[in-house]
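Participant: Quick one: this structure, given as structure tokens, is what I'll be asking you about.
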Amino acid sequence: MTMRIAITCNDLVPGCHMPVGAQGLRAYGLYCGLTAHGYAVDIVVPRRVAQQRMNRWSQGFPMTLPPYLRILPDNHMFALLNKQYTHVLCPNWVTLEAFEKSTEVTLIYDFLSATQIEHSFIHAPGRLQQSKRVKDAVLRQADIVIANGARHTAYAQDYCASLSGAAAKGDVLNVRMSLPWIERPADQSRPLAIFSGGYRQLWISSLTPRDLIDLSEEIGATMLIIGAETNPNLDPKLLTAGTELHYETIVATPHVTTYAFCDFERYRMLNARSDVALDISALNDEREMSYSTRTVSSISSGCPVLQMAFTELGGLVEETGAGWVVPDCEKSTVSDILRTIAGDTGARTEARRRTEMFWERYCNPDTQILPLVEALRDREAASASGAAVKAHA
């Protein structure tokens with residue numbers, strides 16, 4: 001069978017014209033990277049998951065199906081994966097209970113995030129152990145393991161080494177989150193335009209929407225908030241999806257526009273037109289480990305970011321000059337740095353220029369996928385060599 005790769009996903013993806021979370025963006029970045037190197041790739045979503053997303057969003061977002069997305073029936077998904085694909089890539093937020101790969105399938109396991117740490121913010125201990133059992137059962141079958149960022153890679157290496165009953169996986173490969181580049185020039189003559197987007201995850205402890213409104217008024221900036229006080233694990237406070245609304249905790253002001261959610265294509269456009277995107281949170285185990293999707297999305301849209309100094313991405317932002325870092329997310333700290341940014345259009349222009357440098361080094365799908373591509377080629381070469389030896393025996 002010609003090599004064909006399935007990337008399993010528990011989310012919709014760019015091109016659907018729907019809101020998309022980290023898992024959908026990870027799948028899409030991997031798809032872009034693998035197809036750039038000539039592989040035939042589908043993103044595969046269980047029908048149950050697709051239906052849930054459509055039920056939630058269809059009021060405001062007419063869904064389209066991009067050609068790289070396949071929606072498979074849940075009860076036949078595992079059989080179809082084994083029959084129709086040579087390689088199956090499984091991110092660790094995907095629930096593949098009872099999946100047993102055939103001997104002909106290469107299973108690639110992706111430590112997209114430290115899910116056991118994330119789950120500790122969501123689930124009781126019993127549910128946490130259940131999710132670990134599911135994760136470990138799939139991971140034990142993996143032929144290749146990849147991870148998102150250097151810290152997740154080290155975490156994954158230790159996790160695999162401690163997993164009983166698993167064959168040696170070799171080195172975990174660092175395949176960073178990536179997205180294609182887009183850019184929309186920002187108007188530097190206007191007041192500072194601040195972007196605050198993404199789900200309010202349970203492990204993110206940051207400034208409240210009220211704090212953000214106060215900051216924008218204090219420094220005379222405009223602010224766009226998308227996803228305020230929402231969480232993908234909870235029922236969203238949603239009126240008409242995609243229309244402007246203000247939550248009860250938010251007082252509407254001329255400076256601030258608030259959306260509950262918006263489709264990813266519009267999200268990126270609004271992000272790209274902003275001067276700085278906020279990705280700030282208090283320190284905890286998950287945030288210290290994180291390789292934040294919202295920063296990757298902003299940088300790949302040409303928008304500089306405000307990131308935490310204690311994160312891996314904070315170090316890369318400092319290295320490339322593609323934004324600013326802060327030691328904490330206290331209101332006074334954030335206010336001071338935003339005042340500085342607002343008063344220096346030259347620094348804003350330079351930071352925006354440097355986002356492309358960051359993207360080329362750390363977010364370009366064509367290059368970030370290379371460790372996985374090399375591993376796949378090595379396995380192909382070994383398989384061909386083994387077949388040749390067998391043929392001559």
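Ligands are numbered from 1 in the order shown, residues from 1 within each chain, and chains are lettered A, B, ... in the order they appear in the structure tokens.
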Which residues are near region 42-56 of chain A? Cut-off 6 Å, only C-alpha atoms, ignore same chain within fewer than 2 positions. Put them as a ChimeraX atom specification.
Facilitator: /A:6-9,58,68-74
Participant: Determine, counting only C-alpha atoms, which protein, DNA and RNA residues have an atom within 6 Å of an atom of region 100-113 of chain A; residues of the same chain fewer than 3 positions away are not included. Present the result as JSON, numbers by chain.
Facilitator: {"A": [82, 86, 87, 88, 89, 90, 91, 92, 142, 143, 144, 145, 146, 147, 148]}
Participant: Counting only C-alpha atoms, which residues of region 133-223 of chain A fall within 7 Å of region 363-370 of chain A, and what is the closest atom pair for each with its distance in Å at one decimal, ordered by chain and rising number, as JSON lines?
Facilitator:
{"residue": "A:Val175", "atom": "CA", "partner": "A:Gln368", "partner_atom": "CA", "distance": 5.6}
{"residue": "A:Arg176", "atom": "CA", "partner": "A:Gln368", "partner_atom": "CA", "distance": 5.9}
{"residue": "A:Met177", "atom": "CA", "partner": "A:Cys363", "partner_atom": "CA", "distance": 6.5}
{"residue": "A:Ser178", "atom": "CA", "partner": "A:Cys363", "partner_atom": "CA", "distance": 4.3}
{"residue": "A:Leu179", "atom": "CA", "partner": "A:Pro365", "partner_atom": "CA", "distance": 5.9}
{"residue": "A:Pro180", "atom": "CA", "partner": "A:Asn364", "partner_atom": "CA", "distance": 6.4}
Participant: Contacts of Gly38 (chain A) at 12 Å or less, counting only C-alpha atoms, minus same-chain residues fewer than 3 places along, as a PyMOL selection string?
Facilitator: chain A and resi 2-5+31-35+41+366+373+377
Participant: Pick out each residue of region 143-173 of chain A that DSSP on the backbone tags as alpha helix (DSSP H); I need them as an mmCIF file with N, CA and C atoms, in the first residue's frame.
Facilitator:
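Below is the file that was written, part-v1.cif:
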data_model
loop_
_atom_site.group_PDB
_atom_site.id
_atom_site.type_symbol
_atom_site.label_atom_id
_atom_site.label_comp_id
_atom_site.auth_asym_id
_atom_site.auth_seq_id
_atom_site.Cartn_x
_atom_site.Cartn_y
_atom_site.Cartn_z
ATOM 1 N N ALA A 150 10.388 21.766 23.571
ATOM 2 C CA ALA A 150 11.484 21.090 24.281
ATOM 3 C C ALA A 150 11.043 20.561 25.643
ATOM 4 N N ARG A 151 10.236 21.320 26.377
ATOM 5 C CA ARG A 151 9.826 20.874 27.708
ATOM 6 C C ARG A 151 8.890 19.673 27.627
ATOM 7 N N HIS A 152 7.946 19.699 26.683
ATOM 8 C CA HIS A 152 7.086 18.535 26.510
ATOM 9 C C HIS A 152 7.886 17.324 26.038
ATOM 10 N N THR A 153 8.914 17.567 25.239
ATOM 11 C CA THR A 153 9.734 16.468 24.757
ATOM 12 C C THR A 153 10.454 15.777 25.909
ATOM 13 N N ALA A 154 11.027 16.561 26.809
ATOM 14 C CA ALA A 154 11.691 15.981 27.985
ATOM 15 C C ALA A 154 10.689 15.259 28.880
ATOM 16 N N TYR A 155 9.518 15.859 29.068
ATOM 17 C CA TYR A 155 8.447 15.244 29.859
ATOM 18 C C TYR A 155 8.027 13.914 29.240
ATOM 19 N N ALA A 156 7.843 13.910 27.913
ATOM 20 C CA ALA A 156 7.416 12.698 27.224
ATOM 21 C C ALA A 156 8.483 11.609 27.295
ATOM 22 N N GLN A 157 9.747 12.013 27.189
ATOM 23 C CA GLN A 157 10.834 11.030 27.273
ATOM 24 C C GLN A 157 10.823 10.328 28.629
ATOM 25 N N ASP A 158 10.654 11.110 29.686
ATOM 26 C CA ASP A 158 10.601 10.527 31.033
ATOM 27 C C ASP A 158 9.359 9.659 31.204
ATOM 28 N N TYR A 159 8.228 10.124 30.658
ATOM 29 C CA TYR A 159 6.974 9.373 30.782
ATOM 30 C C TYR A 159 7.100 8.011 30.087
ATOM 31 N N CYS A 160 7.651 8.007 28.883
ATOM 32 C CA CYS A 160 7.798 6.752 28.141
ATOM 33 C C CYS A 160 8.758 5.802 28.856
ATOM 34 N N ALA A 161 9.829 6.358 29.427
ATOM 35 C CA ALA A 161 10.821 5.521 30.113
ATOM 36 C C ALA A 161 10.222 4.837 31.342
ATOM 37 N N SER A 162 9.228 5.493 31.944
ATOM 38 C CA SER A 162 8.636 4.940 33.169
ATOM 39 C C SER A 162 7.439 4.034 32.906
#
